[in-house]
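Asker: Sharing query.cif (mmCIF, C-alpha atoms) below.
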data_protein
#
loop_
_atom_site.label_atom_id
_atom_site.label_comp_id
_atom_site.auth_asym_id
_atom_site.auth_seq_id
_atom_site.Cartn_x
_atom_site.Cartn_y
_atom_site.Cartn_z
CA MET X 1 24.46 12.06 22.92
CA ASN X 2 24.24 12.65 26.65
CA CYS X 3 22.54 15.79 27.94
CA PRO X 4 22.39 15.46 31.75
CA ARG X 5 20.82 18.90 32.27
CA LEU X 6 18.06 18.23 29.77
CA LYS X 7 17.51 14.79 31.32
CA GLU X 8 17.30 16.36 34.78
CA TRP X 9 14.92 19.04 33.51
CA LEU X 10 12.61 16.42 32.02
CA GLU X 11 12.83 14.09 35.02
CA GLU X 12 11.78 16.91 37.34
CA ARG X 13 8.57 17.26 35.33
CA TYR X 14 7.86 13.74 34.03
CA ASP X 15 8.37 10.27 35.42
CA LEU X 16 10.92 9.18 32.80
CA GLU X 17 12.21 6.31 34.94
CA GLY X 18 8.65 5.04 35.36
CA MET X 19 8.17 5.16 31.56
CA LYS X 20 11.43 3.24 31.07
CA ARG X 21 10.35 0.62 33.59
CA LEU X 22 6.97 0.32 31.83
CA ALA X 23 8.62 -0.19 28.42
CA LYS X 24 10.94 -2.84 29.89
CA SER X 25 8.15 -4.60 31.76
CA LYS X 26 6.01 -4.97 28.63
CA LEU X 27 6.44 -8.57 27.57
CA ILE X 28 5.72 -10.11 24.18
CA PRO X 29 4.99 -13.84 23.84
CA GLU X 30 7.45 -15.77 21.71
CA HIS X 31 6.06 -18.64 19.61
CA ARG X 32 6.05 -20.00 16.05
CA TYR X 33 3.40 -17.52 14.85
CA ASP X 34 4.97 -14.40 16.40
CA LEU X 35 6.01 -13.11 12.97
CA TRP X 36 2.41 -11.95 12.53
CA TYR X 37 2.90 -9.45 15.37
CA TYR X 38 5.27 -7.48 13.17
CA THR X 39 2.73 -6.86 10.37
CA GLY X 40 0.95 -4.26 12.53
CA GLY X 41 4.25 -2.43 13.15
CA ILE X 42 5.07 -2.50 9.43
CA THR X 43 1.68 -0.96 8.60
CA LEU X 44 2.23 1.77 11.19
CA PHE X 45 5.66 2.50 9.73
CA LEU X 46 4.22 2.72 6.21
CA PHE X 47 1.49 5.07 7.42
CA ILE X 48 4.21 7.36 8.81
CA ILE X 49 6.01 7.33 5.43
CA GLN X 50 2.71 8.14 3.69
CA PHE X 51 2.12 11.10 6.00
CA LEU X 52 5.62 12.49 5.43
CA THR X 53 5.70 12.07 1.63
CA GLY X 54 2.10 13.32 1.39
CA MET X 55 3.07 16.50 3.25
CA LEU X 56 5.94 17.11 0.82
CA LEU X 57 3.69 16.60 -2.22
CA ALA X 58 0.99 18.85 -0.75
CA PHE X 59 3.43 21.80 -0.90
CA TYR X 60 3.28 21.72 -4.71
CA TYR X 61 0.00 20.08 -5.68
CA VAL X 62 -2.79 22.38 -6.94
CA PRO X 63 -6.33 20.96 -6.44
CA HIS X 64 -7.97 22.57 -9.46
CA ILE X 65 -9.09 20.86 -12.68
CA ASP X 66 -7.04 23.24 -14.80
CA PHE X 67 -3.82 22.83 -12.82
CA ALA X 68 -3.97 19.48 -10.97
CA HIS X 69 -2.53 17.39 -13.78
CA LYS X 70 0.00 20.05 -14.71
CA SER X 71 1.15 20.45 -11.11
CA ILE X 72 1.88 16.72 -10.86
CA ILE X 73 3.86 16.84 -14.11
CA GLU X 74 5.82 19.75 -12.67
CA ILE X 75 6.44 17.87 -9.41
CA VAL X 76 7.80 14.92 -11.38
CA THR X 77 9.77 16.71 -14.08
CA LYS X 78 10.89 20.02 -12.58
CA LEU X 79 11.30 19.59 -8.83
CA ASN X 80 14.50 18.18 -7.48
CA MET X 81 13.71 14.59 -6.43
CA GLY X 82 10.03 15.27 -7.11
CA TRP X 83 9.71 12.05 -9.16
CA PHE X 84 11.19 10.12 -6.23
CA PHE X 85 8.77 11.42 -3.59
CA ARG X 86 5.75 10.97 -5.84
CA SER X 87 6.79 7.40 -6.64
CA LEU X 88 7.56 6.76 -2.96
CA HIS X 89 4.06 7.98 -2.02
CA HIS X 90 2.51 5.76 -4.69
CA TRP X 91 4.38 2.59 -3.70
CA GLY X 92 3.98 3.40 -0.01
CA ALA X 93 0.21 3.41 -0.56
CA GLN X 94 0.33 0.06 -2.36
CA LEU X 95 2.45 -1.57 0.33
CA THR X 96 0.33 -0.09 3.14
CA ILE X 97 -2.76 -1.76 1.71
CA VAL X 98 -0.90 -5.03 1.07
CA PHE X 99 0.25 -5.14 4.69
CA LEU X 100 -3.15 -4.08 5.99
CA PHE X 101 -4.65 -7.08 4.19
CA ILE X 102 -1.90 -9.39 5.51
CA HIS X 103 -2.44 -8.03 9.04
CA LEU X 104 -6.21 -8.46 8.70
CA PHE X 105 -6.11 -12.04 7.41
CA GLY X 106 -3.41 -12.96 9.95
CA THR X 107 -5.62 -11.63 12.74
CA LEU X 108 -8.59 -13.51 11.31
CA LEU X 109 -6.86 -16.86 10.92
CA LEU X 110 -5.13 -16.70 14.33
CA LYS X 111 -8.47 -15.62 15.90
CA SER X 112 -6.78 -12.66 17.56
CA TYR X 113 -10.12 -10.84 17.38
CA ARG X 114 -11.70 -13.05 20.03
CA LYS X 115 -12.97 -11.75 23.34
CA PRO X 116 -11.88 -9.31 24.80
CA ARG X 117 -10.24 -7.87 21.64
CA GLU X 118 -13.33 -7.23 19.51
CA LEU X 119 -12.77 -3.48 19.46
CA VAL X 120 -9.17 -3.95 18.28
CA TRP X 121 -10.61 -5.76 15.24
CA VAL X 122 -13.30 -3.10 14.73
CA THR X 123 -10.81 -0.20 14.78
CA GLY X 124 -8.43 -2.09 12.48
CA PHE X 125 -11.18 -2.93 10.02
CA ILE X 126 -12.32 0.70 9.88
CA LEU X 127 -8.69 1.70 9.29
CA LEU X 128 -8.56 -0.65 6.30
CA GLY X 129 -11.74 0.94 4.90
CA ILE X 130 -10.27 4.41 5.40
CA SER X 131 -7.03 3.36 3.71
CA ILE X 132 -8.93 2.09 0.68
CA PHE X 133 -10.77 5.39 0.50
CA PHE X 134 -7.38 7.11 0.86
CA GLY X 135 -6.31 5.18 -2.25
CA LEU X 136 -9.41 6.09 -4.25
CA SER X 137 -9.26 9.77 -3.33
CA GLY X 138 -5.52 9.95 -4.02
CA TYR X 139 -6.00 8.27 -7.39
CA LEU X 140 -8.35 11.02 -8.59
CA LEU X 141 -5.91 13.77 -7.59
CA LEU X 142 -3.79 12.76 -10.57
CA TRP X 143 -6.68 13.94 -12.79
CA ASP X 144 -5.72 11.80 -15.77
CA GLU X 145 -8.21 9.98 -17.98
CA ARG X 146 -7.83 6.59 -16.25
CA ALA X 147 -8.25 7.98 -12.75
CA PHE X 148 -11.22 10.00 -13.96
CA ALA X 149 -12.92 6.94 -15.51
CA ALA X 150 -12.16 4.73 -12.48
CA VAL X 151 -13.63 7.25 -10.03
CA ARG X 152 -16.65 7.75 -12.25
CA VAL X 153 -17.27 3.97 -12.18
CA ALA X 154 -16.57 3.66 -8.43
CA THR X 155 -18.86 6.53 -7.43
CA GLY X 156 -21.48 5.29 -9.94
CA GLY X 157 -21.31 1.85 -8.30
CA ALA X 158 -21.91 3.43 -4.88
CA GLY X 159 -24.99 5.06 -6.44
CA ALA X 160 -26.47 1.61 -7.16
CA PHE X 161 -26.85 0.98 -3.43
CA PRO X 162 -30.58 1.01 -2.56
CA PHE X 163 -32.10 3.95 -0.63
CA ILE X 164 -28.87 5.73 0.33
CA GLY X 165 -26.93 5.14 -2.93
CA GLY X 166 -28.04 8.41 -4.50
CA PHE X 167 -27.00 10.35 -1.43
CA ILE X 168 -23.57 8.63 -1.23
CA LYS X 169 -22.94 9.29 -4.92
CA ALA X 170 -23.95 12.95 -4.67
CA PHE X 171 -21.94 13.35 -1.46
CA LEU X 172 -18.80 11.88 -3.04
CA ARG X 173 -19.09 13.69 -6.36
CA GLY X 174 -20.33 17.03 -5.08
CA SER X 175 -22.31 17.38 -8.32
CA MET X 176 -24.08 15.28 -10.96
CA ASP X 177 -20.88 13.92 -12.49
CA VAL X 178 -17.18 13.75 -11.61
CA THR X 179 -16.12 17.39 -11.92
CA GLY X 180 -13.84 19.96 -10.36
CA ASP X 181 -16.08 19.82 -7.28
CA THR X 182 -15.28 16.11 -6.93
CA LEU X 183 -11.57 16.83 -7.24
CA LEU X 184 -11.74 19.46 -4.51
CA ARG X 185 -13.86 17.18 -2.32
CA PHE X 186 -11.49 14.24 -2.74
CA TYR X 187 -8.55 16.54 -2.00
CA ALA X 188 -10.22 17.62 1.25
CA PHE X 189 -10.84 13.97 2.14
CA HIS X 190 -7.30 12.97 1.24
CA VAL X 191 -5.37 15.69 3.07
CA ALA X 192 -7.63 16.69 5.96
CA ILE X 193 -10.57 14.47 6.89
CA LEU X 194 -9.07 11.00 6.37
CA PRO X 195 -5.70 11.81 8.03
CA ILE X 196 -7.46 13.09 11.16
CA LEU X 197 -9.68 9.99 11.31
CA THR X 198 -6.64 7.77 10.68
CA LEU X 199 -4.58 9.39 13.43
CA GLY X 200 -7.43 9.03 15.92
CA LEU X 201 -8.09 5.41 15.00
CA ILE X 202 -4.41 4.42 14.97
CA GLY X 203 -4.07 5.97 18.44
CA LEU X 204 -7.11 4.06 19.69
CA HIS X 205 -5.98 0.82 18.03
CA ILE X 206 -2.52 1.00 19.62
CA LEU X 207 -3.99 1.96 22.99
CA LEU X 208 -6.32 -1.06 22.87
CA VAL X 209 -3.45 -3.37 21.87
CA GLN X 210 -1.41 -2.05 24.83
CA HIS X 211 -4.36 -2.48 27.14
CA HIS X 212 -5.12 -6.08 26.15
CA GLY X 213 -1.55 -7.18 25.43
CA MET X 214 -0.61 -9.41 22.51
CA SER X 215 -3.02 -12.18 21.66
CA VAL X 216 -1.75 -15.76 21.71
CA PRO X 217 -3.31 -18.27 19.25
CA LEU X 218 -5.77 -20.71 20.84
CA SER X 219 -3.69 -23.71 19.82
CA LEU X 220 -0.68 -22.39 21.76
CA GLN X 221 -2.42 -21.16 24.88
CA ALA X 222 -1.92 -24.39 26.78
CA GLU X 223 1.79 -24.56 25.94
CA LYS X 224 4.41 -23.08 28.19
CA ARG X 225 6.08 -20.28 26.26
CA ARG X 226 8.82 -17.77 26.65
CA GLU X 227 8.13 -14.05 26.87
CA ILE X 228 10.60 -11.42 25.73
CA PRO X 229 10.64 -7.74 26.69
CA PHE X 230 9.29 -5.32 24.08
CA PHE X 231 12.19 -2.99 24.75
CA PRO X 232 14.85 -3.59 23.53
CA ASN X 233 14.36 -7.10 21.99
CA VAL X 234 11.18 -6.67 19.94
CA PHE X 235 11.95 -3.02 19.26
CA TYR X 236 15.24 -3.95 17.55
CA LYS X 237 13.52 -6.68 15.51
CA ASP X 238 10.88 -4.14 14.48
CA LEU X 239 13.65 -1.75 13.42
CA ALA X 240 15.33 -4.46 11.33
CA ILE X 241 12.07 -5.30 9.53
CA TRP X 242 11.32 -1.61 8.92
CA LEU X 243 14.77 -1.22 7.36
CA VAL X 244 14.13 -4.09 4.95
CA ILE X 245 10.70 -2.66 4.09
CA THR X 246 12.31 0.73 3.42
CA GLY X 247 14.78 -0.95 1.07
CA VAL X 248 12.03 -2.76 -0.82
CA LEU X 249 9.96 0.42 -1.00
CA VAL X 250 12.84 2.52 -2.34
CA THR X 251 13.74 -0.18 -4.88
CA LEU X 252 10.16 -0.27 -6.19
CA THR X 253 10.16 3.54 -6.22
CA VAL X 254 13.26 3.65 -8.41
CA PHE X 255 12.51 0.78 -10.77
CA LEU X 256 8.77 1.22 -11.24
CA PRO X 257 7.82 4.90 -11.05
CA PRO X 258 4.09 5.28 -11.73
CA GLU X 259 3.07 6.66 -15.11
CA ILE X 260 1.09 9.84 -15.67
CA GLY X 261 -1.67 9.51 -18.27
CA VAL X 262 -3.32 12.06 -20.52
CA LYS X 263 -5.20 14.84 -18.74
CA ALA X 264 -8.83 13.94 -17.98
CA ASP X 265 -11.43 15.25 -20.38
CA PRO X 266 -14.98 14.84 -19.01
CA LEU X 267 -16.42 14.96 -22.55
CA ALA X 268 -14.08 12.35 -24.06
CA PRO X 269 -15.08 8.64 -24.16
CA PRO X 270 -13.44 6.55 -21.41
CA PRO X 271 -10.18 4.82 -22.43
CA GLU X 272 -10.34 1.10 -23.27
CA ASN X 273 -9.82 -1.59 -20.63
CA VAL X 274 -9.92 0.77 -17.67
CA LYS X 275 -9.11 -1.07 -14.47
CA PRO X 276 -9.38 0.26 -10.96
CA GLU X 277 -6.58 -0.08 -8.40
CA TRP X 278 -5.75 -3.73 -7.59
CA TYR X 279 -7.68 -3.76 -4.31
CA PHE X 280 -10.92 -3.00 -6.17
CA LEU X 281 -10.40 -5.72 -8.79
CA PHE X 282 -12.18 -8.44 -6.77
CA LEU X 283 -15.17 -6.12 -6.47
CA MET X 284 -15.18 -5.36 -10.20
CA GLU X 285 -14.96 -9.07 -11.11
CA THR X 286 -17.76 -9.90 -8.66
CA LEU X 287 -20.01 -7.28 -10.24
CA LYS X 288 -19.26 -8.78 -13.67
CA LEU X 289 -20.61 -12.16 -12.52
CA PHE X 290 -24.13 -10.78 -12.15
CA PRO X 291 -26.48 -10.32 -15.11
CA GLY X 292 -28.10 -6.94 -15.78
CA VAL X 293 -31.52 -8.00 -14.52
CA ILE X 294 -32.30 -10.62 -11.85
CA LEU X 295 -35.97 -11.44 -11.21
CA GLY X 296 -36.97 -8.08 -12.63
CA MET X 297 -34.59 -6.23 -10.33
CA ASN X 298 -31.41 -4.34 -11.20
CA GLY X 299 -28.57 -6.90 -11.15
CA GLU X 300 -25.97 -4.32 -10.13
CA THR X 301 -28.03 -3.29 -7.09
CA ILE X 302 -28.35 -6.93 -6.01
CA ALA X 303 -24.62 -7.50 -6.50
CA ILE X 304 -23.71 -4.38 -4.50
CA MET X 305 -26.05 -5.46 -1.70
CA LEU X 306 -24.57 -8.96 -1.59
CA VAL X 307 -21.02 -7.63 -1.50
CA ALA X 308 -22.00 -5.14 1.23
CA ALA X 309 -23.59 -7.98 3.23
CA ALA X 310 -20.44 -10.12 2.84
CA ILE X 311 -18.24 -7.23 4.01
CA LEU X 312 -20.58 -6.54 6.94
CA PHE X 313 -20.43 -10.19 7.96
CA PHE X 314 -16.63 -10.07 7.75
CA PHE X 315 -16.62 -6.95 9.92
CA LEU X 316 -18.84 -8.58 12.55
CA ILE X 317 -17.02 -11.94 12.69
CA PRO X 318 -15.76 -11.40 16.30
CA PHE X 319 -19.38 -11.07 17.43
CA PHE X 320 -20.55 -14.19 15.54
CA ASP X 321 -17.67 -16.45 16.53
CA ARG X 322 -18.94 -17.47 19.97
CA LYS X 323 -16.75 -20.55 20.25
CA SER X 324 -13.42 -18.77 20.11
CA ALA X 325 -14.82 -16.18 22.54
CA LEU X 326 -15.19 -19.07 25.00
CA GLY X 327 -11.62 -20.20 24.32
CA GLU X 328 -12.66 -23.18 22.17
CA LYS X 329 -11.43 -23.94 18.68
CA SER X 330 -13.76 -22.76 15.90
CA PRO X 331 -12.77 -24.41 12.60
CA LEU X 332 -15.88 -23.03 10.88
CA PHE X 333 -14.57 -19.49 11.13
CA THR X 334 -11.11 -20.61 10.05
CA TRP X 335 -12.71 -22.00 6.89
CA ILE X 336 -14.74 -18.84 6.41
CA GLY X 337 -11.50 -16.84 6.64
CA VAL X 338 -9.76 -19.15 4.15
CA ILE X 339 -12.69 -18.88 1.71
CA TYR X 340 -12.68 -15.08 1.97
CA LEU X 341 -8.92 -15.02 1.37
CA LEU X 342 -9.05 -17.42 -1.60
CA TYR X 343 -11.96 -15.54 -3.16
CA PHE X 344 -10.14 -12.23 -2.80
CA LEU X 345 -6.90 -13.61 -4.28
CA THR X 346 -8.61 -15.46 -7.14
CA MET X 347 -10.81 -12.56 -8.20
CA THR X 348 -7.89 -10.14 -7.98
CA ALA X 349 -5.82 -12.45 -10.21
CA VAL X 350 -8.72 -12.80 -12.67
CA GLY X 351 -9.08 -9.02 -12.73
CA PHE X 352 -5.39 -8.62 -13.48
CA LEU X 353 -5.41 -11.16 -16.29
CA SER X 354 -8.67 -10.16 -17.96
CA MET N 1 28.80 -19.77 -59.80
CA ARG N 2 29.27 -18.73 -63.38
CA LYS N 3 25.57 -18.96 -63.94
CA LEU N 4 24.88 -16.79 -60.90
CA SER N 5 27.37 -14.12 -61.91
CA SER N 6 25.88 -13.96 -65.39
CA VAL N 7 22.40 -13.43 -63.89
CA LYS N 8 23.81 -10.71 -61.72
CA GLY N 9 25.42 -9.05 -64.72
CA PHE N 10 22.16 -9.25 -66.65
CA LEU N 11 20.25 -7.67 -63.81
CA SER N 12 22.78 -4.92 -63.31
CA ARG N 13 22.42 -3.93 -66.92
CA PHE N 14 18.70 -3.18 -66.55
CA PHE N 15 18.36 -2.55 -62.80
CA PRO N 16 21.34 -1.20 -60.90
CA VAL N 17 21.81 -3.55 -57.88
CA ARG N 18 23.12 -0.84 -55.61
CA LEU N 19 19.73 0.88 -55.77
CA VAL N 20 17.82 -2.23 -54.61
CA LEU N 21 18.54 -1.87 -50.91
CA PRO N 22 17.66 1.85 -50.57
CA MET N 23 14.49 1.27 -52.60
CA ALA N 24 13.46 -1.71 -50.49
CA ALA N 25 14.08 0.29 -47.33
CA LEU N 26 12.03 3.17 -48.73
CA LEU N 27 9.15 0.85 -49.62
CA LEU N 28 9.24 -0.80 -46.20
CA LEU N 29 9.28 2.55 -44.40
CA SER N 30 6.45 3.96 -46.50
CA GLY N 31 4.39 0.80 -45.84
CA MET N 32 5.05 1.03 -42.14
CA ALA N 33 4.14 4.68 -42.09
CA ALA N 34 0.84 3.93 -43.83
CA ALA N 35 0.01 1.12 -41.41
CA ALA N 36 1.17 2.96 -38.27
CA PRO N 37 -1.52 4.24 -35.88
CA ALA N 38 -1.93 7.94 -35.17
CA PRO N 39 1.00 9.30 -33.15
CA LEU N 40 0.40 8.93 -29.41
CA ALA N 41 0.59 11.85 -27.05
CA GLU N 42 4.11 12.38 -25.78
CA LYS N 43 4.85 10.16 -22.80
CA ILE N 44 5.68 12.09 -19.67
CA ALA N 45 9.09 11.21 -18.24
CA VAL N 46 8.51 9.97 -14.70
CA PHE N 47 12.17 9.11 -14.18
CA PRO N 48 15.32 11.17 -14.84
CA THR N 49 16.35 10.98 -18.47
CA ALA N 50 19.92 12.31 -18.31
CA PRO N 51 22.38 9.37 -18.25
CA PHE N 52 24.47 10.96 -15.51
CA TYR N 53 21.44 11.43 -13.26
CA ILE N 54 20.30 7.84 -13.93
CA TYR N 55 23.75 6.61 -12.95
CA ILE N 56 23.62 8.67 -9.72
CA VAL N 57 20.18 7.24 -8.86
CA TYR N 58 21.25 3.61 -9.32
CA GLU N 59 24.51 4.19 -7.50
CA SER N 60 22.63 5.77 -4.58
CA LEU N 61 20.29 2.78 -4.49
CA VAL N 62 23.24 0.40 -4.18
CA VAL N 63 24.79 2.53 -1.41
CA PHE N 64 21.41 2.67 0.34
CA TRP N 65 21.14 -1.14 0.32
CA LEU N 66 24.70 -1.46 1.64
CA PHE N 67 23.77 0.96 4.44
CA ILE N 68 20.67 -1.13 5.25
CA ILE N 69 22.65 -4.37 5.29
CA GLY N 70 25.25 -2.74 7.56
CA LEU N 71 22.58 -1.59 9.98
CA LEU N 72 20.98 -5.05 9.94
CA VAL N 73 24.31 -6.59 10.90
CA ILE N 74 24.72 -4.09 13.75
CA ILE N 75 21.16 -4.76 15.00
CA ARG N 76 21.78 -8.52 14.85
CA MET N 77 24.98 -8.12 16.90
CA LYS N 78 23.18 -5.92 19.41
CA LEU N 79 20.31 -8.42 19.74
CA ARG N 80 22.76 -11.26 20.36
CA GLU N 81 24.48 -9.21 23.05
CA ILE N 82 21.14 -8.44 24.71
CA GLU N 83 20.17 -12.10 24.66
CA ARG N 84 23.52 -13.09 26.15
CA VAL N 85 23.13 -10.54 28.95
CA HIS N 86 19.58 -11.84 29.59
CA ALA N 87 20.81 -15.43 29.67
CA MET N 88 23.46 -14.50 32.25
CA GLY N 89 20.87 -12.62 34.28
CA ALA N 90 23.19 -9.59 34.37
CA ASP N 91 20.35 -7.21 33.48
CA LYS N 92 18.49 -7.87 36.77
CA ASP N 93 18.99 -5.50 39.69
CA ASP N 94 20.81 -7.02 42.62
CA PRO N 95 19.34 -5.54 45.83
CA GLY N 96 22.33 -6.71 47.83
CA ALA N 97 24.94 -5.00 45.67
CA PRO N 98 27.07 -2.36 47.49
CA LEU N 99 26.51 1.26 46.46
CA LEU N 100 29.68 2.73 44.95
CA GLN N 101 29.06 6.37 45.92
#
Can the structure from this file be put into structure tokens for me?
Answerer:
Amino acid sequence: MNCPRLKEWLEERYDLEGMKRLAKSKLIPEHRYDLWYYTGGITLFLFIIQFLTGMLLAFYYVPHIDFAHKSIIEIVTKLNMGWFFRSLHHWGAQLTIVFLFIHLFGTLLLKSYRKPRELVWVTGFILLGISIFFGLSGYLLLWDERAFAAVRVATGGAGAFPFIGGFIKAFLRGSMDVTGDTLLRFYAFHVAILPILTLGLIGLHILLVQHHGMSVPLSLQAEKRREIPFFPNVFYKDLAIWLVITGVLVTLTVFLPPEIGVKADPLAPPPENVKPEWYFLFLMETLKLFPGVILGMNGETIAIMLVAAAILFFFLIPFFDRKSALGEKSPLFTWIGVIYLLYFLTMTAVGFLS
Amino acid sequence: MRKLSSVKGFLSRFFPVRLVLPMAALLLLSGMAAAAPAPLAEKIAVFPTAPFYIYIVYESLVVFWLFIIGLLVIIRMKLREIERVHAMGADKDDPGAPLLQ
């Protein structure tokens, strides 16, 4: 499509040629680890899919305890292609978190967080936290007995945190227990507060990546390497990967549509063997390792504090790893990253199998 | 064989053989019904149930994958062309080139 008048109109107002030159002048290093660069783009693409499918579902979802469950059943059974978009949203969420974890561990093991990119790591880490909260809040919107029990356990666990636990629990639930207030609160988080925070943070994250350029692993910095322009070379590769991801996503959507359980009943006993979403399994298994009482203190509180400390340390790794900031190799932090990854994978597998 | 047929004849006199199978089936069913747990709540269909619709969905999935593979081939061809142009250096501006207009 060629619209010379529109082009002229735009060029009179904006420096389109300058933008084109900028896109062509942006160079991406080419090396044996450059596949990791694409994980960020995949995550961004999945976020876009989540926004679009979420908007479609929001047209029909009713955030009220009497109608929430029914409205989802109606979306799935009565709306044309409703089952497809709900399943797409569900699998999109799963894949987003999978790729966020891959992107995070890739960044950690390649030390892409090192000076001057600490803030890129910080914004990305916060985005992961927000995405996990996206998952938790979206899970409750289904308002079935499993989601209800899982959110009751998750918010109860947050309540075990010393000093501020009670406040966090009350803030999340909006009342003493998981009720209609919690549903409404989680809906507000899921469709308004978290999307705004996500958009802002994604914008900042991309801006920082553009500002600093792509990070090259320490082991390859001394080597002479080729650089390829972002547009069109990397852009086309990104497109190809996004197409494959779309295919995988649609295949999962069709073959494994998520089930809808029985409507939540706050007075009924929780169903047997309730498990949270897969990305909370490592946390659940960690909490199981601790006895009820340790040295006269609440075991759950100690476990929550230890997990929080481990996550805080993970978050602050760029500020602790002084060696890689100076451009030296830091095998200690590589091992720390490997241990974190193995622990996460093992505990998630144990959670699945138990 | 003779022995077997005589046993069969003896049995049929007191217990008609053709009733054995329906009775066994009835007993089995009644036993299963007694041992069965309480009926579960009806499972909500999260996927189309009409065979025609299911066929359309799977067919569309196949077409979708063919479309993706086609696009991947086109992108691959385009990338090769770009790399060839880069290798020739034909994408660089030549300041000494005459202006056609």
Asker: Can you work out which residues from chain N touch chain X at a cut-off of 10 Å (counting all atoms listed in the file) and hand them back as an MDAnalysis selection string?
Answerer: chainID N and resid 41:49 54 57:58 61:62 64:69 71:76 78:80 82:83 86
Asker: Just need the box for segment 207-215 of chain X, edges along x, y and z, holding every atom the file lists for it with 6 Å tacked onto each side, so centre and edge lengths in Å to one decimal, as AutoDock Vina command-line options.
Answerer:
--center_x -3.5 --center_y -5.1 --center_z 24.4 --size_x 17.7 --size_y 26.1 --size_z 17.5
Asker: I'd like to see the residues matched by the PyMOL selection byres ((chain X and resi 58-60) around 12) on this file, and ideally I'd get them as a VMD selection string.
Answerer: chain X and resid 50 to 57 61 to 63 67 to 76 78 to 79 82 85 to 86 89 138 141 187 to 188 190 to 192
Asker: What's the separation between atom CA of Glu277 of chain X and atom CA of Val293 of chain X, in Å to one decimal place?
Answerer: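 That distance, rounded to one decimal, is 26.9 Å.
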Asker: On this file, the PyMOL selection byres ((chain X and resi 103-120) around 8) gives some set of residues; write that set as a ChimeraX atom specification.
Answerer: /X:36,39-40,99-102,121-125,205,208-209,212,215-218,318-319,321,324-326,334,337-338,341
Asker: Applying the PyMOL selection byres ((chain X and resi 197) around 12) to the file I just gave you, which residues come out? Please list them as a list in words.
Answerer: Thr123, Ile126, Leu127, Leu128, Gly129, Ile130, Ser131, Phe133, Phe134, Phe189, His190, Val191, Ala192, Ile193, Leu194, Pro195, Ile196, Thr198, Leu199, Gly200, Leu201, Ile202, Gly203, Leu204 and His205 of chain X
